[in-house]
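A.B. asks: So here's my_file24.cif, just mmCIF, C-alpha atoms, pLDDT in the B column; chains and numbers go by the auth columns:
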```
data_protein
#
loop_
_atom_site.group_PDB
_atom_site.id
_atom_site.type_symbol
_atom_site.label_atom_id
_atom_site.label_comp_id
_atom_site.label_asym_id
_atom_site.label_seq_id
_atom_site.Cartn_x
_atom_site.Cartn_y
_atom_site.Cartn_z
_atom_site.B_iso_or_equiv
_atom_site.auth_seq_id
_atom_site.auth_asym_id
ATOM 1 C CA MET A 1 66.598 32.303 129.010 51.00 671 N
ATOM 2 C CA ASP A 2 67.979 31.566 125.553 57.00 672 N
ATOM 3 C CA GLU A 3 71.649 30.836 124.964 60.00 673 N
ATOM 4 C CA GLN A 4 72.502 34.295 123.576 57.00 674 N
ATOM 5 C CA ALA A 5 70.942 36.071 126.543 53.00 675 N
ATOM 6 C CA ARG A 6 72.767 33.722 128.911 52.00 676 N
ATOM 7 C CA GLN A 7 76.098 34.460 127.181 56.00 677 N
ATOM 8 C CA ARG A 8 75.484 38.232 127.412 55.00 678 N
ATOM 9 C CA SER A 9 74.699 37.982 131.112 56.00 679 N
ATOM 10 C CA LEU A 10 77.969 36.113 131.704 56.00 680 N
ATOM 11 C CA ALA A 11 80.082 38.544 129.663 52.00 681 N
ATOM 12 C CA PRO A 12 82.373 40.723 131.784 55.00 682 N
ATOM 13 C CA VAL A 13 81.151 44.285 132.271 50.00 683 N
ATOM 14 C CA PRO A 14 83.674 46.737 130.793 50.00 684 N
ATOM 15 C CA GLU A 15 85.293 48.939 133.395 52.00 685 N
ATOM 16 C CA ALA A 16 84.633 52.656 133.178 46.00 686 N
ATOM 17 C CA ALA A 17 87.587 54.702 131.996 45.00 687 N
ATOM 18 C CA PRO A 18 89.381 56.197 134.985 53.00 688 N
ATOM 19 C CA ALA A 19 88.505 59.860 135.518 67.00 689 N
ATOM 20 C CA GLY A 20 91.325 62.349 135.161 85.00 690 N
ATOM 21 C CA PRO A 21 92.660 64.309 138.129 93.00 691 N
ATOM 22 C CA THR A 22 90.382 66.983 139.566 93.00 692 N
ATOM 23 C CA ALA A 23 91.211 70.677 139.332 93.00 693 N
ATOM 24 C CA GLU A 24 91.918 70.614 143.073 93.00 694 N
ATOM 25 C CA GLU A 25 94.458 67.793 142.681 93.00 695 N
ATOM 26 C CA LEU A 26 96.041 69.605 139.753 95.00 696 N
ATOM 27 C CA MET A 27 96.358 72.854 141.730 94.00 697 N
ATOM 28 C CA VAL A 28 98.263 71.013 144.446 93.00 698 N
ATOM 29 C CA ARG A 29 100.628 69.619 141.792 95.00 699 N
ATOM 30 C CA VAL A 30 100.957 73.022 140.085 94.00 700 N
ATOM 31 C CA ALA A 31 101.955 74.520 143.442 93.00 701 N
ATOM 32 C CA LYS A 32 104.932 72.117 143.349 94.00 702 N
ATOM 33 C CA GLY A 33 105.931 73.356 139.874 92.00 703 N
ATOM 34 C CA ASP A 34 104.400 70.496 137.871 93.00 704 N
ATOM 35 C CA GLU A 35 104.145 71.887 134.314 93.00 705 N
ATOM 36 C CA ARG A 36 102.147 68.935 132.986 94.00 706 N
ATOM 37 C CA ALA A 37 99.587 69.465 135.751 94.00 707 N
ATOM 38 C CA PHE A 38 99.307 73.108 134.688 94.00 708 N
ATOM 39 C CA GLU A 39 98.630 72.047 131.079 94.00 709 N
ATOM 40 C CA LEU A 40 95.777 69.822 132.288 95.00 710 N
ATOM 41 C CA LEU A 41 94.495 72.552 134.597 93.00 711 N
ATOM 42 C CA TYR A 42 94.633 75.031 131.710 93.00 712 N
ATOM 43 C CA ASP A 43 92.506 72.694 129.586 93.00 713 N
ATOM 44 C CA GLN A 44 89.927 72.427 132.379 94.00 714 N
ATOM 45 C CA LEU A 45 89.706 76.084 133.359 94.00 715 N
ATOM 46 C CA ALA A 46 90.513 78.182 130.267 92.00 716 N
ATOM 47 C CA GLY A 47 86.986 77.910 128.839 94.00 717 N
ATOM 48 C CA PRO A 48 85.058 78.867 132.003 93.00 718 N
ATOM 49 C CA ILE A 49 87.520 81.683 132.771 94.00 719 N
ATOM 50 C CA PHE A 50 87.262 83.168 129.271 93.00 720 N
ATOM 51 C CA GLY A 51 83.451 82.883 129.342 93.00 721 N
ATOM 52 C CA LEU A 52 83.201 84.825 132.609 92.00 722 N
ATOM 53 C CA VAL A 53 85.709 87.473 131.523 93.00 723 N
ATOM 54 C CA ARG A 54 83.978 87.934 128.159 92.00 724 N
ATOM 55 C CA ARG A 55 80.633 88.608 129.864 92.00 725 N
ATOM 56 C CA ILE A 56 82.234 91.405 131.909 89.00 726 N
ATOM 57 C CA VAL A 57 84.782 92.919 129.511 91.00 727 N
ATOM 58 C CA ARG A 58 82.750 92.384 126.285 88.00 728 N
ATOM 59 C CA ASP A 59 85.674 93.002 123.914 88.00 729 N
ATOM 60 C CA ALA A 60 86.982 89.643 122.609 88.00 730 N
ATOM 61 C CA ALA A 61 90.655 90.646 122.275 89.00 731 N
ATOM 62 C CA GLN A 62 90.794 92.227 125.727 90.00 732 N
ATOM 63 C CA SER A 63 88.931 89.243 127.177 90.00 733 N
ATOM 64 C CA GLU A 64 91.619 86.909 125.791 92.00 734 N
ATOM 65 C CA GLU A 65 94.330 89.072 127.368 92.00 735 N
ATOM 66 C CA VAL A 66 92.608 89.098 130.754 92.00 736 N
ATOM 67 C CA ALA A 67 91.959 85.335 130.639 92.00 737 N
ATOM 68 C CA GLN A 68 95.651 84.726 129.888 93.00 738 N
ATOM 69 C CA GLU A 69 96.622 87.009 132.781 92.00 739 N
ATOM 70 C CA VAL A 70 94.366 85.001 135.101 93.00 740 N
ATOM 71 C CA LEU A 71 95.880 81.689 133.991 93.00 741 N
ATOM 72 C CA VAL A 72 99.407 83.055 134.463 92.00 742 N
ATOM 73 C CA GLU A 73 98.355 84.253 137.917 92.00 743 N
ATOM 74 C CA LEU A 74 97.078 80.749 138.725 91.00 744 N
ATOM 75 C CA TRP A 75 100.505 79.358 137.836 93.00 745 N
ATOM 76 C CA ARG A 76 102.331 82.001 139.874 92.00 746 N
ATOM 77 C CA THR A 77 100.096 81.899 142.954 92.00 747 N
ATOM 78 C CA ALA A 78 99.155 78.196 143.080 93.00 748 N
ATOM 79 C CA THR A 79 100.871 77.846 146.464 93.00 749 N
ATOM 80 C CA ARG A 80 98.230 80.170 147.973 93.00 750 N
ATOM 81 C CA TYR A 81 95.369 77.874 147.006 92.00 751 N
ATOM 82 C CA ALA A 82 93.857 76.012 149.967 89.00 752 N
ATOM 83 C CA PRO A 83 91.556 73.103 148.965 87.00 753 N
ATOM 84 C CA ALA A 84 89.780 73.316 152.341 87.00 754 N
ATOM 85 C CA LYS A 85 88.512 76.817 151.500 83.00 755 N
ATOM 86 C CA GLY A 86 86.727 75.882 148.270 88.00 756 N
ATOM 87 C CA SER A 87 87.023 74.417 144.809 92.00 757 N
ATOM 88 C CA ALA A 88 89.804 75.334 142.412 93.00 758 N
ATOM 89 C CA LEU A 89 87.194 76.464 139.878 92.00 759 N
ATOM 90 C CA ASN A 90 85.640 78.916 142.354 92.00 760 N
ATOM 91 C CA TRP A 91 89.066 80.236 143.269 92.00 761 N
ATOM 92 C CA ALA A 92 89.976 80.706 139.590 93.00 762 N
ATOM 93 C CA MET A 93 86.635 82.376 138.832 93.00 763 N
ATOM 94 C CA THR A 94 87.131 84.779 141.722 92.00 764 N
ATOM 95 C CA LEU A 95 90.513 85.773 140.288 92.00 765 N
ATOM 96 C CA ALA A 96 88.964 86.107 136.825 93.00 766 N
ATOM 97 C CA HIS A 97 86.096 88.267 138.058 94.00 767 N
ATOM 98 C CA ARG A 98 88.487 90.557 139.934 93.00 768 N
ATOM 99 C CA ARG A 99 90.794 90.937 136.932 93.00 769 N
ATOM 100 C CA ALA A 100 87.907 91.558 134.524 91.00 770 N
ATOM 101 C CA VAL A 101 86.350 94.231 136.748 91.00 771 N
ATOM 102 C CA ASP A 102 89.779 95.889 137.141 91.00 772 N
ATOM 103 C CA ARG A 103 90.186 95.959 133.352 89.00 773 N
ATOM 104 C CA VAL A 104 86.752 97.565 132.857 87.00 774 N
ATOM 105 C CA ARG A 105 87.450 100.167 135.551 90.00 775 N
ATOM 106 C CA SER A 106 90.877 100.908 134.107 86.00 776 N
ATOM 107 C CA ALA A 107 89.470 101.345 130.595 82.00 777 N
ATOM 108 C CA ARG A 108 86.691 103.600 131.887 83.00 778 N
ATOM 109 C CA ALA A 109 89.143 105.730 133.890 77.00 779 N
ATOM 110 C CA SER A 110 91.440 106.009 130.869 75.00 780 N
ATOM 111 C CA THR A 111 88.561 107.137 128.658 74.00 781 N
ATOM 112 C CA GLU A 112 87.461 109.702 131.246 73.00 782 N
ATOM 113 C CA ARG A 113 91.010 111.066 131.532 74.00 783 N
ATOM 114 C CA GLU A 114 91.298 111.406 127.768 76.00 784 N
ATOM 115 C CA GLN A 115 87.919 113.123 127.535 73.00 785 N
ATOM 116 C CA LYS A 116 88.868 115.521 130.315 70.00 786 N
ATOM 117 C CA ALA A 117 92.205 116.275 128.683 66.00 787 N
ATOM 118 C CA THR A 118 90.510 116.935 125.339 63.00 788 N
ATOM 119 C CA PHE A 119 87.945 119.210 126.994 60.00 789 N
ATOM 120 C CA GLU A 120 90.636 121.184 128.813 60.00 790 N
ATOM 121 C CA ALA A 121 92.649 121.484 125.618 55.00 791 N
ATOM 122 C CA ALA A 122 89.626 122.830 123.788 53.00 792 N
ATOM 123 C CA ARG A 123 89.126 125.470 126.490 58.00 793 N
ATOM 124 C CA GLY A 124 92.250 127.339 125.592 54.00 794 N
ATOM 125 C CA ARG A 125 95.416 125.296 125.832 51.00 795 N
ATOM 126 C CA PRO A 126 98.047 126.366 123.318 52.00 796 N
ATOM 127 C CA PHE A 127 97.752 124.483 120.025 46.00 797 N
ATOM 128 C CA ASP A 128 101.127 122.757 120.513 51.00 798 N
ATOM 129 C CA GLU A 129 99.920 120.975 123.682 53.00 799 N
ATOM 130 C CA VAL A 130 96.759 119.785 121.945 47.00 800 N
ATOM 131 C CA ALA A 131 98.792 118.528 118.983 47.00 801 N
ATOM 132 C CA GLU A 132 101.190 116.757 121.358 56.00 802 N
ATOM 133 C CA SER A 133 98.289 115.003 123.122 55.00 803 N
ATOM 134 C CA VAL A 134 96.810 113.859 119.806 50.00 804 N
ATOM 135 C CA THR A 135 100.222 112.670 118.601 51.00 805 N
ATOM 136 C CA ALA A 136 100.756 110.635 121.794 56.00 806 N
ATOM 137 C CA ARG A 137 97.376 108.917 121.305 58.00 807 N
ATOM 138 C CA LEU A 138 98.213 108.137 117.683 53.00 808 N
ATOM 139 C CA GLU A 139 101.578 106.674 118.745 63.00 809 N
ATOM 140 C CA ARG A 140 99.902 104.395 121.308 66.00 810 N
ATOM 141 C CA SER A 141 97.468 103.250 118.643 69.00 811 N
ATOM 142 C CA GLN A 142 100.341 102.551 116.242 72.00 812 N
ATOM 143 C CA VAL A 143 102.220 100.542 118.887 69.00 813 N
ATOM 144 C CA ARG A 144 99.093 98.421 119.507 74.00 814 N
ATOM 145 C CA ARG A 145 98.741 97.844 115.757 78.00 815 N
ATOM 146 C CA CYS A 146 102.407 96.860 115.419 75.00 816 N
ATOM 147 C CA LEU A 147 102.160 94.458 118.382 75.00 817 N
ATOM 148 C CA SER A 148 99.537 92.552 116.398 78.00 818 N
ATOM 149 C CA PHE A 149 102.217 91.731 113.777 77.00 819 N
ATOM 150 C CA LEU A 150 104.371 89.849 116.288 78.00 820 N
ATOM 151 C CA THR A 151 104.003 86.128 116.826 82.00 821 N
ATOM 152 C CA ASP A 152 101.968 85.175 119.895 80.00 822 N
ATOM 153 C CA LEU A 153 105.141 84.114 121.715 78.00 823 N
ATOM 154 C CA GLN A 154 106.997 87.338 120.871 80.00 824 N
ATOM 155 C CA ARG A 155 104.031 89.518 121.859 79.00 825 N
ATOM 156 C CA GLU A 156 103.556 87.656 125.147 81.00 826 N
ATOM 157 C CA SER A 157 107.240 88.074 126.026 79.00 827 N
ATOM 158 C CA VAL A 158 107.335 91.762 125.044 76.00 828 N
ATOM 159 C CA LEU A 159 104.176 92.585 127.006 77.00 829 N
ATOM 160 C CA LEU A 160 105.482 90.881 130.150 77.00 830 N
ATOM 161 C CA ALA A 161 108.932 92.482 129.914 73.00 831 N
ATOM 162 C CA TYR A 162 108.121 96.005 128.753 67.00 832 N
ATOM 163 C CA TYR A 163 104.554 96.618 129.877 67.00 833 N
ATOM 164 C CA GLN A 164 104.489 94.692 133.150 71.00 834 N
ATOM 165 C CA GLY A 165 108.118 95.240 134.130 72.00 835 N
ATOM 166 C CA TYR A 166 109.202 91.602 134.381 73.00 836 N
ATOM 167 C CA THR A 167 112.903 90.713 134.214 77.00 837 N
ATOM 168 C CA TYR A 168 114.223 88.153 131.699 70.00 838 N
ATOM 169 C CA ARG A 169 114.316 85.579 134.495 81.00 839 N
ATOM 170 C CA GLU A 170 110.740 86.329 135.595 81.00 840 N
ATOM 171 C CA VAL A 171 109.436 86.162 132.024 79.00 841 N
ATOM 172 C CA ALA A 172 111.219 82.836 131.595 81.00 842 N
ATOM 173 C CA GLU A 173 109.630 81.518 134.808 81.00 843 N
ATOM 174 C CA VAL A 174 106.114 82.709 133.912 79.00 844 N
ATOM 175 C CA LEU A 175 106.317 81.222 130.424 80.00 845 N
ATOM 176 C CA SER A 176 108.273 78.136 131.565 83.00 846 N
ATOM 177 C CA THR A 177 110.870 78.831 128.870 84.00 847 N
ATOM 178 C CA PRO A 178 114.697 79.011 129.018 87.00 848 N
ATOM 179 C CA GLN A 179 116.088 82.530 129.486 84.00 849 N
ATOM 180 C CA GLY A 180 118.082 82.290 126.250 84.00 850 N
ATOM 181 C CA THR A 181 114.900 81.613 124.294 86.00 851 N
ATOM 182 C CA ILE A 182 113.168 84.563 125.980 83.00 852 N
ATOM 183 C CA LYS A 183 116.053 86.888 125.068 83.00 853 N
ATOM 184 C CA THR A 184 115.845 85.741 121.447 84.00 854 N
ATOM 185 C CA ARG A 185 112.060 86.251 121.359 83.00 855 N
ATOM 186 C CA LEU A 186 112.391 89.731 122.849 78.00 856 N
ATOM 187 C CA ARG A 187 115.181 90.718 120.484 82.00 857 N
ATOM 188 C CA ASP A 188 113.283 89.507 117.414 81.00 858 N
ATOM 189 C CA GLY A 189 110.042 91.038 118.657 78.00 859 N
ATOM 190 C CA LEU A 190 111.643 94.439 119.262 77.00 860 N
ATOM 191 C CA ILE A 191 113.266 94.374 115.820 79.00 861 N
ATOM 192 C CA ARG A 192 109.861 93.732 114.230 80.00 862 N
ATOM 193 C CA LEU A 193 108.304 96.488 116.330 73.00 863 N
ATOM 194 C CA ARG A 194 111.050 98.915 115.336 77.00 864 N
ATOM 195 C CA ASP A 195 110.604 98.095 111.653 76.00 865 N
ATOM 196 C CA CYS A 196 106.817 98.432 111.885 77.00 866 N
ATOM 197 C CA LEU A 197 107.063 101.790 113.681 70.00 867 N
ATOM 198 C CA GLY A 198 109.643 103.039 111.189 70.00 868 N
ATOM 199 C CA VAL A 199 112.202 103.771 113.894 57.00 869 N
ATOM 200 C CA THR A 200 115.744 104.107 112.574 50.00 870 N
ATOM 201 C CA ALA A 201 118.741 103.081 114.634 45.00 871 N
#
```
Let me see the file written as structure tokens.
C.D. replies:
Amino acid sequence: MDEQARQRSLAPVPEAAPAGPTAEELMVRVAKGDERAFELLYDQLAGPIFGLVRRIVRDAAQSEEVAQEVLVELWRTATRYAPAKGSALNWAMTLAHRRAVDRVRSARASTEREQKATFEAARGRPFDEVAESVTARLERSQVRRCLSFLTDLQRESVLLAYYQGYTYREVAEVLSTPQGTIKTRLRDGLIRLRDCLGVTA
């Protein structure tokens, strides 16, 4: 063996970088309210969750919404996770699948209701009722368009408070943000919505 080979054989072997915590370990920490653990868990699970939801829901924007709902649910229900019953990834994917299927069913039911209402209107409802139904649909569409002009943080706060019925305190807990900040986001978001919709005080 030449000198160089001998030196290489005597050189210390570099230690492998320590692996980060597993999703299961992170879930246990999240259940105790560890926000940093949730950030790490989010990084691990957001991609797989979105991928599954996208395959079921198809629409990219709705898939993002559903994936965010699943991740918020993981934060809120982490105490229910039992490592002995399976991996954190499987648990998260089960939640994601359930939410995605619910969204598809809800969208389908909504479409069927609208089609039925339109059909019934065409069969002889007075014109005013048909016009009112069309106007309501246009208003919903305008609200969705105006929501897109809010910042992500404002939109998230408004959706939780006004579309899911959360209180200021609950929104603050879900988003891990002080209540005062949430109130400011909601106020600013509603002002922007009002301006976009052309509502006068």
A.B. asks: Pick out the closest residue to N:Val736 from this set: N:Arg768, N:Arg706, N:Arg750, N:Lys786. Count all atoms listed in the file.
C.D. replies: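 Of N:Arg768, N:Arg706, N:Arg750, N:Lys786, the one nearest N:Val736 is N:Arg768, counting all atoms listed in the file.
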A.B. asks: Of the candidates N:Ala693, N:Ala701, N:Ile726, N:Val740, which shows the shortest atom-to-atom distance to N:Gln714, using all atoms listed in the file?
C.D. replies: N:Ala693
A.B. asks: Expand the PyMOL selection byres ((chain N and resi 734) around 10) into the explicit residue set it covers here, and present it as an mmCIF file with C-alpha atoms, in the coordinates of the input.
C.D. replies:
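Now in selection-v5.cif:
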```
data_model
loop_
_atom_site.group_PDB
_atom_site.id
_atom_site.type_symbol
_atom_site.label_atom_id
_atom_site.label_comp_id
_atom_site.auth_asym_id
_atom_site.auth_seq_id
_atom_site.Cartn_x
_atom_site.Cartn_y
_atom_site.Cartn_z
ATOM 1 C CA ALA N 716 90.513 78.182 130.267
ATOM 2 C CA ILE N 719 87.520 81.683 132.771
ATOM 3 C CA PHE N 720 87.262 83.168 129.271
ATOM 4 C CA GLY N 721 83.451 82.883 129.342
ATOM 5 C CA VAL N 723 85.709 87.473 131.523
ATOM 6 C CA ARG N 724 83.978 87.934 128.159
ATOM 7 C CA VAL N 727 84.782 92.919 129.511
ATOM 8 C CA ASP N 729 85.674 93.002 123.914
ATOM 9 C CA ALA N 730 86.982 89.643 122.609
ATOM 10 C CA ALA N 731 90.655 90.646 122.275
ATOM 11 C CA GLN N 732 90.794 92.227 125.727
ATOM 12 C CA SER N 733 88.931 89.243 127.177
ATOM 13 C CA GLU N 735 94.330 89.072 127.368
ATOM 14 C CA VAL N 736 92.608 89.098 130.754
ATOM 15 C CA ALA N 737 91.959 85.335 130.639
ATOM 16 C CA GLN N 738 95.651 84.726 129.888
ATOM 17 C CA GLU N 739 96.622 87.009 132.781
ATOM 18 C CA VAL N 740 94.366 85.001 135.101
#
```
A.B. asks: Would you mind telling me which residue in N:Gly690, N:Ala762, N:Trp745, N:Glu705 lies nearest to N:Pro718 when using only C-alpha atoms?
C.D. replies: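 Nearest candidate to N:Pro718 out of N:Gly690, N:Ala762, N:Trp745, N:Glu705: N:Ala762.
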A.B. asks: Identify all residues satisfying the PyMOL selection byres ((chain N and resi 830) around 12) in the given file; provide them as a list in words.
C.D. replies: Glu735, Gln738, Glu739, Val742, Leu823, Gln824, Arg825, Glu826, Ser827, Val828, Leu829, Ala831, Tyr832, Tyr833, Gln834, Gly835, Tyr836, Thr837, Tyr838, Arg839, Glu840, Val841, Ala842, Glu843, Val844, Leu845, Ile852, Arg855 and Leu856 of chain N
A.B. asks: Would you work out the distance separating atom CA of N:Met697 from atom CA of N:Ala748, expressed in Å to one decimal?
C.D. replies: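 So the two atoms, atom CA of N:Met697 and atom CA of N:Ala748, lie 6.2 Å apart.
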A.B. asks: So what do you get for atom CA of N:Asp704 versus atom CA of N:Thr821, distance-wise?
C.D. replies: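 Going from atom CA of N:Asp704 over to atom CA of N:Thr821, I get 26.2 Å.
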A.B. asks: Using only C-alpha atoms, can you tell me which of N:Arg746, N:Thr781, N:Glu694, N:Val700 comes closest to N:Trp761?
C.D. replies: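 Nearest candidate to N:Trp761 out of N:Arg746, N:Thr781, N:Glu694, N:Val700: N:Glu694.
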A.B. asks: May I ask which of the residues N:Val771, N:Ala777, N:Leu715, N:Phe819 is the closest one to N:Asp858, counting only C-alpha atoms?
C.D. replies: N:Phe819
A.B. asks: How far is it from atom CA of N:Ser757 to atom CA of N:Ser776, in Å with one decimal?
C.D. replies: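 Between atom CA of N:Ser757 and atom CA of N:Ser776 the gap works out to 28.8 Å.
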A.B. asks: Let me make sure I understand: among N:Leu710, N:Leu744, N:Ala752, N:Leu820, which one has the smallest atom-to-atom distance to N:Leu860 if we use only C-alpha atoms?
C.D. replies: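 Nearest candidate to N:Leu860 out of N:Leu710, N:Leu744, N:Ala752, N:Leu820: N:Leu820.
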A.B. asks: List the spatial neighbours of N:Glu695 as an MDAnalysis selection string - criterion: any atom at most 9 Å away, all atoms listed in the file, same-chain residues fewer than 5 positions off excluded.
C.D. replies: chainID N and resid 700 707 753 758
